[in-house]
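> Sharing target06.pdb, PDB, C-alpha atoms and all ligand atoms:
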```
ATOM      1  CA  MET J   1      31.021  -2.536  90.137  1.00  0.00           C
ATOM      2  CA  GLN J   2      32.813  -5.810  90.687  1.00  0.00           C
ATOM      3  CA  TYR J   3      29.620  -7.842  90.212  1.00  0.00           C
ATOM      4  CA  VAL J   4      29.384  -6.637  86.617  1.00  0.00           C
ATOM      5  CA  ALA J   5      32.629  -8.318  85.589  1.00  0.00           C
ATOM      6  CA  PRO J   6      31.481 -11.989  85.642  1.00  0.00           C
ATOM      7  CA  GLU J   7      28.443 -11.081  83.499  1.00  0.00           C
ATOM      8  CA  ARG J   8      30.641  -9.383  80.925  1.00  0.00           C
ATOM      9  CA  GLY J   9      32.878 -12.434  80.895  1.00  0.00           C
ATOM     10  CA  LYS J  10      29.854 -14.594  80.286  1.00  0.00           C
ATOM     11  CA  ILE J  11      28.780 -12.457  77.339  1.00  0.00           C
ATOM     12  CA  GLU J  12      32.265 -12.687  75.809  1.00  0.00           C
ATOM     13  CA  ARG J  13      32.312 -16.452  76.225  1.00  0.00           C
ATOM     14  CA  GLY J  14      28.819 -16.629  74.788  1.00  0.00           C
ATOM     15  CA  LYS J  15      29.986 -14.909  71.622  1.00  0.00           C
ATOM     16  CA  LYS J  16      32.442 -17.675  70.822  1.00  0.00           C
ATOM     17  CA  LYS J  17      29.729 -20.314  70.525  1.00  0.00           C
ATOM     18  CA  LYS J  18      27.295 -18.032  68.805  1.00  0.00           C
ATOM     19  CA  GLY J  19      25.756 -20.784  66.679  1.00  0.00           C
ATOM     20  CA  ALA J  20      24.450 -22.746  69.653  1.00  0.00           C
ATOM     21  CA  GLY J  21      22.972 -19.619  71.203  1.00  0.00           C
ATOM     22  CA  ARG J  22      21.209 -18.689  68.001  1.00  0.00           C
ATOM     23  CA  LYS J  23      19.661 -22.147  67.731  1.00  0.00           C
ATOM     24  CA  ALA J  24      18.297 -21.911  71.288  1.00  0.00           C
ATOM     25  CA  LYS J  25      16.756 -18.544  70.496  1.00  0.00           C
ATOM     26  CA  GLU J  26      15.132 -19.775  67.273  1.00  0.00           C
ATOM     27  CA  ASP J  27      13.468 -22.519  69.292  1.00  0.00           C
ATOM     28  CA  CYS J  28      12.317 -20.043  71.925  1.00  0.00           C
ATOM     29  CA  LEU J  29       8.774 -18.668  71.772  1.00  0.00           C
ATOM     30  CA  PHE J  30       9.685 -15.446  73.568  1.00  0.00           C
ATOM     31  CA  CYS J  31      12.655 -14.706  71.312  1.00  0.00           C
ATOM     32  CA  ARG J  32      10.513 -15.313  68.225  1.00  0.00           C
ATOM     33  CA  VAL J  33       7.744 -12.971  69.364  1.00  0.00           C
ATOM     34  CA  ALA J  34      10.132 -10.308  70.707  1.00  0.00           C
ATOM     35  CA  ALA J  35      10.790  -9.179  67.122  1.00  0.00           C
ATOM     36  CA  ARG J  36       7.103  -8.853  66.198  1.00  0.00           C
ATOM     37  CA  LYS J  37       4.547  -6.127  66.587  1.00  0.00           C
ATOM     38  CA  PRO J  38       1.692  -6.615  69.046  1.00  0.00           C
ATOM     39  CA  ALA J  39      -1.300  -8.283  67.345  1.00  0.00           C
ATOM     40  CA  GLY J  40      -4.193 -10.549  68.249  1.00  0.00           C
ATOM     41  CA  GLU J  41      -2.751 -13.406  66.151  1.00  0.00           C
ATOM     42  CA  ASN J  42       0.512 -13.557  68.094  1.00  0.00           C
ATOM     43  CA  LEU J  43      -1.055 -12.732  71.490  1.00  0.00           C
ATOM     44  CA  ILE J  44       1.586 -10.047  72.130  1.00  0.00           C
ATOM     45  CA  LEU J  45       0.131  -7.210  74.181  1.00  0.00           C
ATOM     46  CA  ALA J  46       3.229  -4.996  74.303  1.00  0.00           C
ATOM     47  CA  VAL J  47       6.899  -4.937  73.335  1.00  0.00           C
ATOM     48  CA  SER J  48       9.182  -2.345  74.918  1.00  0.00           C
ATOM     49  CA  PRO J  49      12.963  -1.945  74.490  1.00  0.00           C
ATOM     50  CA  LEU J  50      13.804  -4.492  77.204  1.00  0.00           C
ATOM     51  CA  ALA J  51      10.637  -6.461  77.899  1.00  0.00           C
ATOM     52  CA  LEU J  52       7.572  -8.037  76.335  1.00  0.00           C
ATOM     53  CA  VAL J  53       4.048  -8.836  77.484  1.00  0.00           C
ATOM     54  CA  MET J  54       1.858 -11.564  76.007  1.00  0.00           C
ATOM     55  CA  LEU J  55      -1.213 -13.650  76.714  1.00  0.00           C
ATOM     56  CA  ASN J  56      -0.693 -17.292  77.539  1.00  0.00           C
ATOM     57  CA  LEU J  57      -2.237 -19.484  74.812  1.00  0.00           C
ATOM     58  CA  TYR J  58      -2.778 -22.163  77.467  1.00  0.00           C
ATOM     59  CA  PRO J  59      -4.075 -20.044  80.335  1.00  0.00           C
ATOM     60  CA  TYR J  60      -4.564 -21.222  83.911  1.00  0.00           C
ATOM     61  CA  ASN J  61      -7.372 -18.704  84.111  1.00  0.00           C
ATOM     62  CA  VAL J  62      -8.926 -15.922  82.034  1.00  0.00           C
ATOM     63  CA  GLY J  63      -6.479 -13.030  81.661  1.00  0.00           C
ATOM     64  CA  HIS J  64      -3.345 -15.152  82.241  1.00  0.00           C
ATOM     65  CA  VAL J  65      -0.480 -12.910  81.067  1.00  0.00           C
ATOM     66  CA  MET J  66       3.255 -13.557  80.780  1.00  0.00           C
ATOM     67  CA  VAL J  67       5.904 -10.829  81.165  1.00  0.00           C
ATOM     68  CA  ALA J  68       9.464 -11.554  80.001  1.00  0.00           C
ATOM     69  CA  PRO J  69      12.716  -9.703  79.365  1.00  0.00           C
ATOM     70  CA  ARG J  70      13.429  -9.545  75.628  1.00  0.00           C
ATOM     71  CA  ARG J  71      16.879 -10.981  76.191  1.00  0.00           C
ATOM     72  CA  HIS J  72      17.151 -14.773  76.244  1.00  0.00           C
ATOM     73  CA  LEU J  73      18.255 -15.740  79.731  1.00  0.00           C
ATOM     74  CA  ALA J  74      17.074 -18.332  82.207  1.00  0.00           C
ATOM     75  CA  SER J  75      17.523 -16.789  85.629  1.00  0.00           C
ATOM     76  CA  PRO J  76      16.605 -13.489  87.310  1.00  0.00           C
ATOM     77  CA  GLY J  77      20.180 -13.241  88.593  1.00  0.00           C
ATOM     78  CA  GLY J  78      21.302 -12.446  85.047  1.00  0.00           C
ATOM     79  CA  LEU J  79      18.984  -9.469  84.567  1.00  0.00           C
ATOM     80  CA  ASP J  80      20.516  -6.012  84.278  1.00  0.00           C
ATOM     81  CA  PRO J  81      18.961  -3.480  86.676  1.00  0.00           C
ATOM     82  CA  ASP J  82      17.275  -1.748  83.705  1.00  0.00           C
ATOM     83  CA  GLU J  83      15.745  -4.995  82.508  1.00  0.00           C
ATOM     84  CA  ALA J  84      14.543  -5.912  85.982  1.00  0.00           C
ATOM     85  CA  ALA J  85      12.969  -2.460  86.351  1.00  0.00           C
ATOM     86  CA  GLU J  86      11.198  -2.666  82.988  1.00  0.00           C
ATOM     87  CA  VAL J  87       9.877  -6.171  83.646  1.00  0.00           C
ATOM     88  CA  ASN J  88       8.631  -5.058  87.073  1.00  0.00           C
ATOM     89  CA  ALA J  89       6.962  -1.980  85.625  1.00  0.00           C
ATOM     90  CA  TRP J  90       5.067  -4.172  83.128  1.00  0.00           C
ATOM     91  CA  ILE J  91       3.978  -6.600  85.849  1.00  0.00           C
ATOM     92  CA  GLY J  92       2.556  -3.608  87.721  1.00  0.00           C
ATOM     93  CA  ARG J  93       0.748  -2.272  84.650  1.00  0.00           C
ATOM     94  CA  VAL J  94      -0.653  -5.705  83.777  1.00  0.00           C
ATOM     95  CA  VAL J  95      -2.003  -6.154  87.321  1.00  0.00           C
ATOM     96  CA  GLU J  96      -3.690  -2.738  87.207  1.00  0.00           C
ATOM     97  CA  ALA J  97      -5.110  -3.313  83.715  1.00  0.00           C
ATOM     98  CA  LEU J  98      -6.504  -6.704  84.769  1.00  0.00           C
ATOM     99  CA  ARG J  99      -7.875  -5.205  87.960  1.00  0.00           C
ATOM    100  CA  ARG J 100      -9.697  -2.507  86.045  1.00  0.00           C
ATOM    101  CA  GLU J 101     -10.994  -4.714  83.233  1.00  0.00           C
ATOM    102  CA  TYR J 102     -11.750  -7.989  85.041  1.00  0.00           C
ATOM    103  CA  ARG J 103     -12.187  -7.095  88.730  1.00  0.00           C
ATOM    104  CA  PRO J 104     -10.454 -10.239  90.027  1.00  0.00           C
ATOM    105  CA  HIS J 105     -10.386 -10.917  93.767  1.00  0.00           C
ATOM    106  CA  GLY J 106      -6.669 -11.677  93.787  1.00  0.00           C
ATOM    107  CA  PHE J 107      -3.591 -12.528  91.711  1.00  0.00           C
ATOM    108  CA  ASN J 108      -0.874 -15.135  91.504  1.00  0.00           C
ATOM    109  CA  LEU J 109       2.440 -13.644  90.371  1.00  0.00           C
ATOM    110  CA  GLY J 110       5.390 -15.904  89.836  1.00  0.00           C
ATOM    111  CA  ALA J 111       8.122 -17.463  87.744  1.00  0.00           C
ATOM    112  CA  ASN J 112       8.826 -21.165  87.344  1.00  0.00           C
ATOM    113  CA  LEU J 113      12.588 -21.744  87.048  1.00  0.00           C
ATOM    114  CA  GLY J 114      13.475 -25.084  85.454  1.00  0.00           C
ATOM    115  CA  ARG J 115      11.279 -27.883  84.123  1.00  0.00           C
ATOM    116  CA  THR J 116      11.049 -29.471  87.556  1.00  0.00           C
ATOM    117  CA  ALA J 117       9.360 -26.302  88.781  1.00  0.00           C
ATOM    118  CA  GLY J 118       6.904 -26.386  85.906  1.00  0.00           C
ATOM    119  CA  ALA J 119       8.556 -24.057  83.393  1.00  0.00           C
ATOM    120  CA  GLY J 120       7.237 -24.674  79.873  1.00  0.00           C
ATOM    121  CA  ILE J 121      10.077 -22.595  78.378  1.00  0.00           C
ATOM    122  CA  PRO J 122      12.915 -23.001  80.906  1.00  0.00           C
ATOM    123  CA  GLY J 123      15.524 -21.199  78.772  1.00  0.00           C
ATOM    124  CA  HIS J 124      13.764 -17.835  78.760  1.00  0.00           C
ATOM    125  CA  LEU J 125      12.795 -16.297  82.078  1.00  0.00           C
ATOM    126  CA  HIS J 126       9.174 -15.150  82.311  1.00  0.00           C
ATOM    127  CA  TRP J 127       6.674 -14.209  84.980  1.00  0.00           C
ATOM    128  CA  HIS J 128       3.078 -15.332  85.094  1.00  0.00           C
ATOM    129  CA  VAL J 129       0.353 -12.928  86.131  1.00  0.00           C
ATOM    130  CA  VAL J 130      -2.797 -14.945  86.859  1.00  0.00           C
ATOM    131  CA  PRO J 131      -5.965 -13.233  88.062  1.00  0.00           C
ATOM    132  CA  ARG J 132      -7.974 -15.204  90.631  1.00  0.00           C
ATOM    133  CA  TRP J 133     -11.604 -15.151  91.639  1.00  0.00           C
ATOM    134  CA  ASN J 134     -13.258 -16.540  94.727  1.00  0.00           C
ATOM    135  CA  GLY J 135     -14.179 -20.146  94.061  1.00  0.00           C
ATOM    136  CA  ASP J 136     -12.021 -20.620  90.942  1.00  0.00           C
ATOM    137  CA  THR J 137      -9.798 -23.198  92.660  1.00  0.00           C
ATOM    138  CA  ASN J 138     -11.623 -26.163  91.140  1.00  0.00           C
ATOM    139  CA  PHE J 139     -11.147 -24.381  87.829  1.00  0.00           C
ATOM    140  CA  MET J 140      -7.337 -24.705  87.939  1.00  0.00           C
ATOM    141  CA  PRO J 141      -5.791 -27.379  85.719  1.00  0.00           C
ATOM    142  CA  VAL J 142      -5.342 -30.850  87.154  1.00  0.00           C
ATOM    143  CA  LEU J 143      -2.735 -33.029  85.409  1.00  0.00           C
ATOM    144  CA  GLY J 144      -2.907 -31.029  82.214  1.00  0.00           C
ATOM    145  CA  GLU J 145      -6.590 -31.672  81.663  1.00  0.00           C
ATOM    146  CA  THR J 146      -8.184 -29.417  79.070  1.00  0.00           C
ATOM    147  CA  LYS J 147     -10.582 -26.952  80.554  1.00  0.00           C
ATOM    148  CA  VAL J 148     -13.158 -24.649  79.114  1.00  0.00           C
ATOM    149  CA  LEU J 149     -12.592 -20.977  79.796  1.00  0.00           C
ATOM    150  CA  PRO J 150     -15.580 -18.671  80.002  1.00  0.00           C
ATOM    151  CA  GLU J 151     -14.062 -16.281  77.435  1.00  0.00           C
ATOM    152  CA  ALA J 152     -12.422 -16.814  74.027  1.00  0.00           C
ATOM    153  CA  ILE J 153      -8.759 -15.773  73.946  1.00  0.00           C
ATOM    154  CA  ASP J 154      -9.206 -13.225  71.127  1.00  0.00           C
ATOM    155  CA  ARG J 155     -11.858 -11.491  73.217  1.00  0.00           C
ATOM    156  CA  THR J 156      -9.473 -11.460  76.208  1.00  0.00           C
ATOM    157  CA  TYR J 157      -6.761 -10.039  73.941  1.00  0.00           C
ATOM    158  CA  GLY J 158      -8.970  -7.175  72.789  1.00  0.00           C
ATOM    159  CA  ARG J 159     -10.118  -6.267  76.298  1.00  0.00           C
ATOM    160  CA  LEU J 160      -6.681  -6.465  77.825  1.00  0.00           C
ATOM    161  CA  LYS J 161      -4.856  -4.673  75.004  1.00  0.00           C
ATOM    162  CA  LYS J 162      -7.190  -1.726  75.414  1.00  0.00           C
ATOM    163  CA  ALA J 163      -6.885  -1.734  79.206  1.00  0.00           C
ATOM    164  CA  LEU J 164      -3.085  -2.033  79.069  1.00  0.00           C
ATOM    165  CA  ASP J 165      -2.714   0.771  76.517  1.00  0.00           C
ATOM    166  CA  GLY J 166      -4.900   2.912  78.786  1.00  0.00           C
ATOM    167  CA  GLU J 167      -2.738   2.013  81.770  1.00  0.00           C
ATOM    168  CA  SER J 168       0.436   2.976  79.863  1.00  0.00           C
ATOM    169  CA  ARG J 169      -1.087   6.328  78.869  1.00  0.00           C
ATOM    170  CA  ARG J 170      -2.139   7.001  82.459  1.00  0.00           C
ATOM    171  CA  ARG J 171       1.456   6.404  83.624  1.00  0.00           C
ATOM    172  CA  ALA J 172       2.969   8.552  80.883  1.00  0.00           C
ATOM    173  CA  ARG J 173       0.996  11.585  82.015  1.00  0.00           C
TER     174      ARG J 173
HETATM  175 ZN    ZN K 201      14.355 -16.696  74.355  1.00  0.00          ZN
END
```
As C-alpha cells, please, write out the structure in this file.
Ligand SMILES: [Zn+2]

Amino acid sequence: MQYVAPERGKIERGKKKKGAGRKAKEDCLFCRVAARKPAGENLILAVSPLALVMLNLYPYNVGHVMVAPRRHLASPGGLDPDEAAEVNAWIGRVVEALRREYRPHGFNLGANLGRTAGAGIPGHLHWHVVPRWNGDTNFMPVLGETKVLPEAIDRTYGRLKKALDGESRRRAR
C-alpha cells in the first residue's frame, strides 16, 4: 500500500494549482474528446469510464488507432491498476477488431513518451495501434511528408466502429 501514498500526495498538491492544470487540459486533444460521445466527426470510437479510443487524424497507416486513459497524465507510472487494465483491454479489442476487419499481417503497438520520442501530445499518455501489411514500409511517413492513404478516414471510422462494437459485444457474452 505504501506506493499509493506519493500518488495521493501528488493529487493533493495538484489541487492547489488547479488553474494551471485546467489550462493544460483545455489545450489537450484527449481531454477535450473524453467528454464527447463517439461520432464520425470527432473520430472517437469508444469512451469508457477510464479510457478512450479514437482514430488518428494523421495516420501512419490505414486503421491507425490511439488508446488513452481519460485522465490527463503523461507517464504510465501514474496509471491506477484499474486504468491500466481498461487501457489494455481496449488495446486488445482494437487489435482484434482491426484483425477481423482489415486482415493486417502485423501490428505496431507503442507509446511515445516526450517530444524527443515523437509524442505529438506529450502531456496525455496514449498508445498507438498501427496495423501493418507486407510491403507497406515505403508507405510510412518520411520527415512528415504528406501521404495518400488508400481509404478515406470516414470510411475507416465506419468500418472500425462496427468491428469494435462487435468485438465489445463478443466479450460481454
Ligand atoms: Zn489530457
> Starting from the PyMOL selection byres (((chain J and resi 42) around 10) and not hetatm), expand the selection into actual residues of this file and give them as an mmCIF file with C-alpha atoms, keeping the file's coordinate frame.

```cif
data_model
loop_
_atom_site.group_PDB
_atom_site.id
_atom_site.type_symbol
_atom_site.label_atom_id
_atom_site.label_comp_id
_atom_site.auth_asym_id
_atom_site.auth_seq_id
_atom_site.Cartn_x
_atom_site.Cartn_y
_atom_site.Cartn_z
ATOM 1 C CA VAL J 33 7.744 -12.971 69.364
ATOM 2 C CA ARG J 36 7.103 -8.853 66.198
ATOM 3 C CA LYS J 37 4.547 -6.127 66.587
ATOM 4 C CA PRO J 38 1.692 -6.615 69.046
ATOM 5 C CA ALA J 39 -1.300 -8.283 67.345
ATOM 6 C CA GLY J 40 -4.193 -10.549 68.249
ATOM 7 C CA GLU J 41 -2.751 -13.406 66.151
ATOM 8 C CA LEU J 43 -1.055 -12.732 71.490
ATOM 9 C CA ILE J 44 1.586 -10.047 72.130
ATOM 10 C CA LEU J 45 0.131 -7.210 74.181
ATOM 11 C CA MET J 54 1.858 -11.564 76.007
ATOM 12 C CA LEU J 55 -1.213 -13.650 76.714
ATOM 13 C CA LEU J 57 -2.237 -19.484 74.812
ATOM 14 C CA TYR J 157 -6.761 -10.039 73.941
#
```
> Can you spell out as a list of chain:residue names the set of residues that the PyMOL selection byres (((chain J and resi 123) around 10) and not hetatm) selects in the structure I just provided?
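Selected by the PyMOL selection byres (((chain J and resi 123) around 10) and not hetatm) in this file: J:Ala24, J:Lys25, J:Asp27, J:Cys28, J:Phe30, J:His72, J:Leu73, J:Ala74, J:Ser75, J:Leu113, J:Gly114, J:Arg115, J:Ala119, J:Gly120, J:Ile121, J:Pro122, J:His124, J:Leu125, J:His126.
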> I'd like the interatomic distance between CA of Asn134 in chain J and CA of Tyr102 in chain J, to a tenth of an Å.
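Between CA of Asn134 in chain J and CA of Tyr102 in chain J the gap works out to 13.0 Å.
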> Name the closest residue to Arg71 in chain J among the candidates J:Ala46, J:Tyr58, J:Arg32, J:Asn88; distances are taken between atoms, counting only C-alpha atoms.
J:Arg32
> With 12 Å as the threshold, what does the neighbourhood of (-6.4, -6.7, 86.7) contain in terms of residues, counting only C-alpha atoms? Coordinates are those of the file; answer as a PyMOL selection string.
chain J and resi 62-65+91-109+129-133+156+159-161+163-164+167
> Could you please determine the separation between CA of Ala68 in chain J and CA of Gly166 in chain J in Å, to one decimal place?
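Rounded to one decimal, the two atoms are 20.4 Å apart.
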> Hey, can you check how far CA of Trp127 in chain J sits from CA of Asn112 in chain J?
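Computing it gives 7.7 Å between the two atoms.
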> Of the residues J:Ala172, J:Leu50, J:Asn56, J:Arg70, which is the one nearest to ligand ZN 201 (chain K), using all atoms listed in the file?
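That would be J:Arg70, the residue with the smallest distance to ligand ZN 201 (chain K).
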> Given all atoms listed in the file as the basis, pick out the residue of J:Glu26, J:Glu151, J:Asp80, J:Glu86 nearest to Asn61 in chain J.
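Nearest candidate to Asn61 in chain J out of J:Glu26, J:Glu151, J:Asp80, J:Glu86: J:Glu151.
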> Between J:Pro81, J:Ala152, J:Val47, J:Ala111, which has the minimum distance to Asp165 in chain J (counting only C-alpha atoms)?
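Under the stated criterion, the closest residue is J:Val47.
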> Can you sort out the box for range 84-87 of chain J, edges along x, y and z, all listed atoms in, 5 Å on every side, with centre and edge lengths in Å to one decimal, as AutoDock Vina command-line options?

```
--center_x 12.2 --center_y -4.3 --center_z 84.7 --size_x 14.7 --size_y 13.7 --size_z 13.4
```
> Please write range 84-108 of chain J of the preceding block to a file containing N, CA and C atoms, as a tab-separated table (two decimals), in the first residue's frame?

```tsv
chain	number	residue	atom	x	y	z
J	84	ALA	N	-4.96	1.10	-16.02
J	84	ALA	CA	-4.05	0.30	-16.84
J	84	ALA	C	-4.79	-0.90	-17.44
J	85	ALA	N	-5.64	-1.52	-16.63
J	85	ALA	CA	-6.38	-2.70	-17.09
J	85	ALA	C	-7.36	-2.31	-18.20
J	86	GLU	N	-8.03	-1.17	-18.03
J	86	GLU	CA	-9.03	-0.76	-19.03
J	86	GLU	C	-8.35	-0.37	-20.35
J	87	VAL	N	-7.24	0.35	-20.24
J	87	VAL	CA	-6.49	0.73	-21.44
J	87	VAL	C	-6.02	-0.54	-22.16
J	88	ASN	N	-5.48	-1.48	-21.41
J	88	ASN	CA	-5.00	-2.74	-22.01
J	88	ASN	C	-6.12	-3.51	-22.68
J	89	ALA	N	-7.29	-3.54	-22.03
J	89	ALA	CA	-8.42	-4.27	-22.59
J	89	ALA	C	-8.82	-3.65	-23.94
J	90	TRP	N	-8.80	-2.30	-24.01
J	90	TRP	CA	-9.15	-1.64	-25.28
J	90	TRP	C	-8.11	-1.93	-26.35
J	91	ILE	N	-6.84	-1.92	-25.99
J	91	ILE	CA	-5.79	-2.23	-26.98
J	91	ILE	C	-6.06	-3.62	-27.56
J	92	GLY	N	-6.41	-4.56	-26.69
J	92	GLY	CA	-6.71	-5.92	-27.15
J	92	GLY	C	-7.90	-5.95	-28.09
J	93	ARG	N	-8.97	-5.23	-27.72
J	93	ARG	CA	-10.17	-5.21	-28.57
J	93	ARG	C	-9.90	-4.55	-29.91
J	94	VAL	N	-9.13	-3.46	-29.88
J	94	VAL	CA	-8.80	-2.74	-31.12
J	94	VAL	C	-8.01	-3.66	-32.06
J	95	VAL	N	-7.02	-4.37	-31.51
J	95	VAL	CA	-6.22	-5.28	-32.33
J	95	VAL	C	-7.12	-6.33	-32.97
J	96	GLU	N	-8.02	-6.91	-32.18
J	96	GLU	CA	-8.90	-7.96	-32.72
J	96	GLU	C	-9.87	-7.40	-33.77
J	97	ALA	N	-10.40	-6.20	-33.51
J	97	ALA	CA	-11.32	-5.58	-34.47
J	97	ALA	C	-10.60	-5.28	-35.78
J	98	LEU	N	-9.38	-4.76	-35.68
J	98	LEU	CA	-8.59	-4.47	-36.89
J	98	LEU	C	-8.24	-5.75	-37.62
J	99	ARG	N	-7.90	-6.77	-36.86
J	99	ARG	CA	-7.56	-8.06	-37.45
J	99	ARG	C	-8.73	-8.61	-38.28
J	100	ARG	N	-9.91	-8.51	-37.68
J	100	ARG	CA	-11.09	-9.06	-38.34
J	100	ARG	C	-11.47	-8.23	-39.57
J	101	GLU	N	-11.41	-6.91	-39.43
J	101	GLU	CA	-11.92	-6.04	-40.49
J	101	GLU	C	-10.89	-5.78	-41.60
J	102	TYR	N	-9.60	-5.73	-41.23
J	102	TYR	CA	-8.59	-5.33	-42.22
J	102	TYR	C	-7.56	-6.41	-42.57
J	103	ARG	N	-7.55	-7.50	-41.83
J	103	ARG	CA	-6.61	-8.60	-42.10
J	103	ARG	C	-5.16	-8.11	-42.28
J	104	PRO	N	-4.64	-7.31	-41.35
J	104	PRO	CA	-3.24	-6.90	-41.49
J	104	PRO	C	-2.30	-8.08	-41.22
J	105	HIS	N	-1.07	-7.94	-41.66
J	105	HIS	CA	-0.08	-9.01	-41.43
J	105	HIS	C	0.61	-8.85	-40.09
J	106	GLY	N	0.53	-7.67	-39.51
J	106	GLY	CA	1.18	-7.43	-38.22
J	106	GLY	C	0.71	-6.13	-37.62
J	107	PHE	N	1.23	-5.79	-36.45
J	107	PHE	CA	0.86	-4.54	-35.76
J	107	PHE	C	2.08	-3.90	-35.13
J	108	ASN	N	2.08	-2.59	-35.05
J	108	ASN	CA	2.98	-1.88	-34.14
J	108	ASN	C	2.12	-1.34	-33.00
```
